[in-house]
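Okay, structure first, notes after.
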Amino acid sequence: MVAIYWMEAGLLKDTALYERLLAACSQERRSILEGLRNGADRRESLAAGCLLDQALKPFDLRERETVYGCIGAGKPAFRDRPELHFSLSHGGGLAACAVADRPVGVDVEGPRSVSEALLRRYFTAEEREAAEPLRLWTLKESCCKMTGRGLAALPEISLAFGASVTAMGLNAAFWETRLPGGHYLALCREGAEPISPEIHEISRSDLW
């Protein structure tokens with residue numbers, strides 16, 4: 001089981017909607033928001049929390065009623081529901097959440113360039129020849145989130161591109177798509193079986 005939820009964080013420019021959702025989210029999410037100064041970052045982070053709430057509804061759970069913290073290099077996990085795995089991402093005005101029955105990582109990136117310095121540091125020559133830099137970054141970061149090792153592990157993950165994307169020496173499968181506005185979204189899940197996720201775009205009416 002894998003499901004992906006995504007939304008445009010710009011929906012939360014509506015002050016009344018933002019304040020209502022903020023009041024309904026967990027203390028963990030509010031603590032994260034308190035550490036963010038930029039309004040766009042706060043909207044994206046709150047949107048990620050809202051998506052987690054949407055993802056938990058099929059399990060008769062709500063984000064504000066769960067207790068979650070970080071394991072590894074910042075990987076979020078439920079303390080009271082270890083059988084449920086989730087991952088959050090936001091950037092470029094979008095937010096995404098993945099929920100699964102095994103370790104999972106999701107990353108979403110808005111259109112931007114990747115510097116030559118980062119290309120040399122994190123990607124092999126073979127990777128740079130096989131795929132567009134931002135696509136590579138999104139795939140690798142989703143893998144780092146799945147393993148819980150954080151961005152420090154980026155150089156150690158070697159991707160191979162053929163009929164499907166694989167991470168050398170890692171028992172994992174990838175799924176990727178493009179979202180509106182040129183955003184890349186990548187999912188990495190433990191286990192080699194192909195991924196066929198449920199995709200849910202969350203709109204303003206879902207949030208009310």
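Starting from 1 in every chain, residues are counted up; chains themselves are A, B, ... following the order of the structure tokens, and ligands are numbered from 1 as listed.
Taking only region 119-205 of chain A, the residues that DSSP calls strand (DSSP E or B) from the backbone come to Leu159, Ala160, Phe161, Val165, Thr166, Ala167, Ala172, Ala173, Phe174, Trp175, Glu176, Thr177, Arg178, Leu179, His183, Tyr184, Leu185, Ala186, Leu187, Cys188, Arg189, Glu190, Glu198, Ile199, His200 and Glu201 of chain A.
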Residues from the last selection, C-alpha atoms, saved as a PDB file, in the first residue's frame:
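This went into result33.pdb:
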ATOM      1  CA  LEU A 159      21.394   5.305  -9.372  1.00  0.00           C
ATOM      2  CA  ALA A 160      21.174   3.220 -12.535  1.00  0.00           C
ATOM      3  CA  PHE A 161      18.787   4.135 -15.332  1.00  0.00           C
ATOM      4  CA  VAL A 165      15.425   3.437 -11.892  1.00  0.00           C
ATOM      5  CA  THR A 166      17.349   1.391  -9.349  1.00  0.00           C
ATOM      6  CA  ALA A 167      19.650   2.243  -6.457  1.00  0.00           C
ATOM      7  CA  ALA A 172      14.135  -0.314  -2.986  1.00  0.00           C
ATOM      8  CA  ALA A 173      11.856   0.751  -5.828  1.00  0.00           C
ATOM      9  CA  PHE A 174      11.229   4.201  -7.298  1.00  0.00           C
ATOM     10  CA  TRP A 175       8.223   5.957  -8.790  1.00  0.00           C
ATOM     11  CA  GLU A 176       8.253   9.453 -10.262  1.00  0.00           C
ATOM     12  CA  THR A 177       6.023  11.956 -12.015  1.00  0.00           C
ATOM     13  CA  ARG A 178       5.853  15.598 -13.043  1.00  0.00           C
ATOM     14  CA  LEU A 179       3.362  17.891 -11.340  1.00  0.00           C
ATOM     15  CA  HIS A 183       7.701  20.226 -10.404  1.00  0.00           C
ATOM     16  CA  TYR A 184       9.398  16.875 -10.013  1.00  0.00           C
ATOM     17  CA  LEU A 185       8.006  14.353  -7.528  1.00  0.00           C
ATOM     18  CA  ALA A 186       9.854  11.143  -6.670  1.00  0.00           C
ATOM     19  CA  LEU A 187       8.927   8.289  -4.356  1.00  0.00           C
ATOM     20  CA  CYS A 188      11.264   5.637  -2.967  1.00  0.00           C
ATOM     21  CA  ARG A 189       9.865   2.637  -1.088  1.00  0.00           C
ATOM     22  CA  GLU A 190      11.558  -0.304   0.572  1.00  0.00           C
ATOM     23  CA  GLU A 198      -2.743   6.074  -5.258  1.00  0.00           C
ATOM     24  CA  ILE A 199      -2.480   9.770  -6.161  1.00  0.00           C
ATOM     25  CA  HIS A 200      -4.631  12.380  -4.415  1.00  0.00           C
ATOM     26  CA  GLU A 201      -4.576  16.074  -5.252  1.00  0.00           C
TER      27      GLU A 201
END
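The neighbours of Glu132 (chain A) here are the residues that come within 12 Å of it, using only C-alpha atoms and leaving out any residue fewer than 6 positions away in the same chain; they are Pro111, Arg112, Ser113, Val114, Leu119, Phe123, Glu126, Thr138, Leu139, Phe161 and Tyr184 of chain A.
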Residues of the last selection are to be written out with C-alpha atoms, as a PDB file, in the first residue's frame.
ATOM      1  CA  PRO A 111      11.857  24.213 -11.147  1.00  0.00           C
ATOM      2  CA  ARG A 112      15.378  25.402 -10.406  1.00  0.00           C
ATOM      3  CA  SER A 113      18.918  24.877 -11.559  1.00  0.00           C
ATOM      4  CA  VAL A 114      21.422  22.588  -9.854  1.00  0.00           C
ATOM      5  CA  LEU A 119      26.537  18.027  -9.656  1.00  0.00           C
ATOM      6  CA  PHE A 123      26.275  12.744  -8.904  1.00  0.00           C
ATOM      7  CA  GLU A 126      27.095   8.221 -15.528  1.00  0.00           C
ATOM      8  CA  THR A 138      14.634  14.454  -6.439  1.00  0.00           C
ATOM      9  CA  LEU A 139      15.179  10.718  -6.871  1.00  0.00           C
ATOM     10  CA  PHE A 161      18.787   4.135 -15.332  1.00  0.00           C
ATOM     11  CA  TYR A 184       9.398  16.875 -10.013  1.00  0.00           C
TER      12      TYR A 184
END
* If you run DSSP over the backbone, which residues in chain A end up alpha helix (DSSP H)? Put them as JSON, numbers by chain. => {"A": [15, 16, 17, 18, 19, 20, 21, 22, 23, 24, 27, 28, 29, 30, 31, 32, 33, 34, 39, 40, 41, 42, 43, 44, 45, 46, 47, 48, 49, 50, 51, 52, 53, 54, 55, 56, 116, 117, 118, 119, 120, 121, 122, 125, 126, 127, 128, 129, 130, 133, 134, 135, 136, 137, 138, 139, 140, 141, 142, 143, 144, 145, 146, 147, 204, 205, 206, 207]}
Selection export as a compact mmCIF listing (two decimals), in the first residue's frame, atoms kept: C-alpha atoms:
# COMPACT_ATOMS: atom_id res chain seq x y z
CA THR A 15 -5.53 34.11 6.13
CA ALA A 16 -8.76 32.70 7.54
CA LEU A 17 -8.03 29.26 6.09
CA TYR A 18 -4.42 29.36 7.29
CA GLU A 19 -5.42 30.25 10.85
CA ARG A 20 -8.14 27.59 10.96
CA LEU A 21 -5.77 24.87 9.79
CA LEU A 22 -3.03 26.05 12.12
CA ALA A 23 -5.38 25.79 15.09
CA ALA A 24 -6.35 22.24 14.05
CA GLN A 27 1.77 20.72 18.56
CA GLU A 28 4.64 19.09 16.64
CA ARG A 29 3.62 20.90 13.46
CA ARG A 30 3.09 24.22 15.24
CA SER A 31 6.57 23.93 16.79
CA ILE A 32 8.07 23.47 13.33
CA LEU A 33 6.19 26.51 12.03
CA GLU A 34 7.42 28.66 14.91
CA GLY A 39 5.72 33.19 5.00
CA ALA A 40 6.06 30.90 1.98
CA ASP A 41 7.99 28.35 4.06
CA ARG A 42 5.33 28.44 6.77
CA ARG A 43 2.55 27.87 4.23
CA GLU A 44 4.42 24.95 2.67
CA SER A 45 5.13 23.36 6.04
CA LEU A 46 1.53 23.75 7.20
CA ALA A 47 0.37 22.31 3.87
CA ALA A 48 2.56 19.26 4.51
CA GLY A 49 0.91 18.80 7.90
CA CYS A 50 -2.53 19.12 6.32
CA LEU A 51 -1.61 16.44 3.78
CA LEU A 52 -0.54 14.11 6.56
CA ASP A 53 -3.93 14.68 8.15
CA GLN A 54 -5.63 13.77 4.85
CA ALA A 55 -3.45 10.68 4.47
CA LEU A 56 -4.37 9.44 7.95
CA GLU A 116 27.93 22.49 -11.19
CA ALA A 117 29.45 22.19 -7.71
CA LEU A 118 26.50 20.12 -6.50
CA LEU A 119 26.54 18.03 -9.66
CA ARG A 120 30.19 17.12 -9.12
CA ARG A 121 29.71 16.50 -5.40
CA TYR A 122 26.59 14.33 -5.45
CA ALA A 125 29.37 11.09 -14.48
CA GLU A 126 27.09 8.22 -15.53
CA GLU A 127 24.17 9.71 -13.60
CA ARG A 128 24.71 13.16 -15.10
CA GLU A 129 24.63 11.68 -18.58
CA ALA A 130 21.47 9.63 -17.90
CA PRO A 133 19.97 17.22 -12.76
CA LEU A 134 16.82 18.18 -10.86
CA ARG A 135 15.26 14.79 -11.58
CA LEU A 136 18.39 13.14 -10.20
CA TRP A 137 18.30 15.30 -7.08
CA THR A 138 14.63 14.45 -6.44
CA LEU A 139 15.18 10.72 -6.87
CA LYS A 140 18.23 10.67 -4.62
CA GLU A 141 16.60 12.75 -1.91
CA SER A 142 13.55 10.48 -1.85
CA CYS A 143 15.95 7.58 -1.32
CA CYS A 144 17.75 9.38 1.51
CA LYS A 145 14.39 10.02 3.17
CA MET A 146 13.37 6.38 2.83
CA THR A 147 16.56 5.14 4.49
CA ARG A 204 -9.45 23.95 -1.12
CA SER A 205 -12.78 22.12 -0.79
CA ASP A 206 -11.00 19.15 0.84
CA LEU A 207 -9.49 21.45 3.44
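Counting from CA of Gly181 (chain A), the distance to CA of Val2 (chain A) is 24.0 Å.
Take the candidates A:Glu109, A:Met168, A:Gly182, A:Glu83 and check each one against Met1 (chain A) using only C-alpha atoms; the shortest distance goes to A:Glu83.
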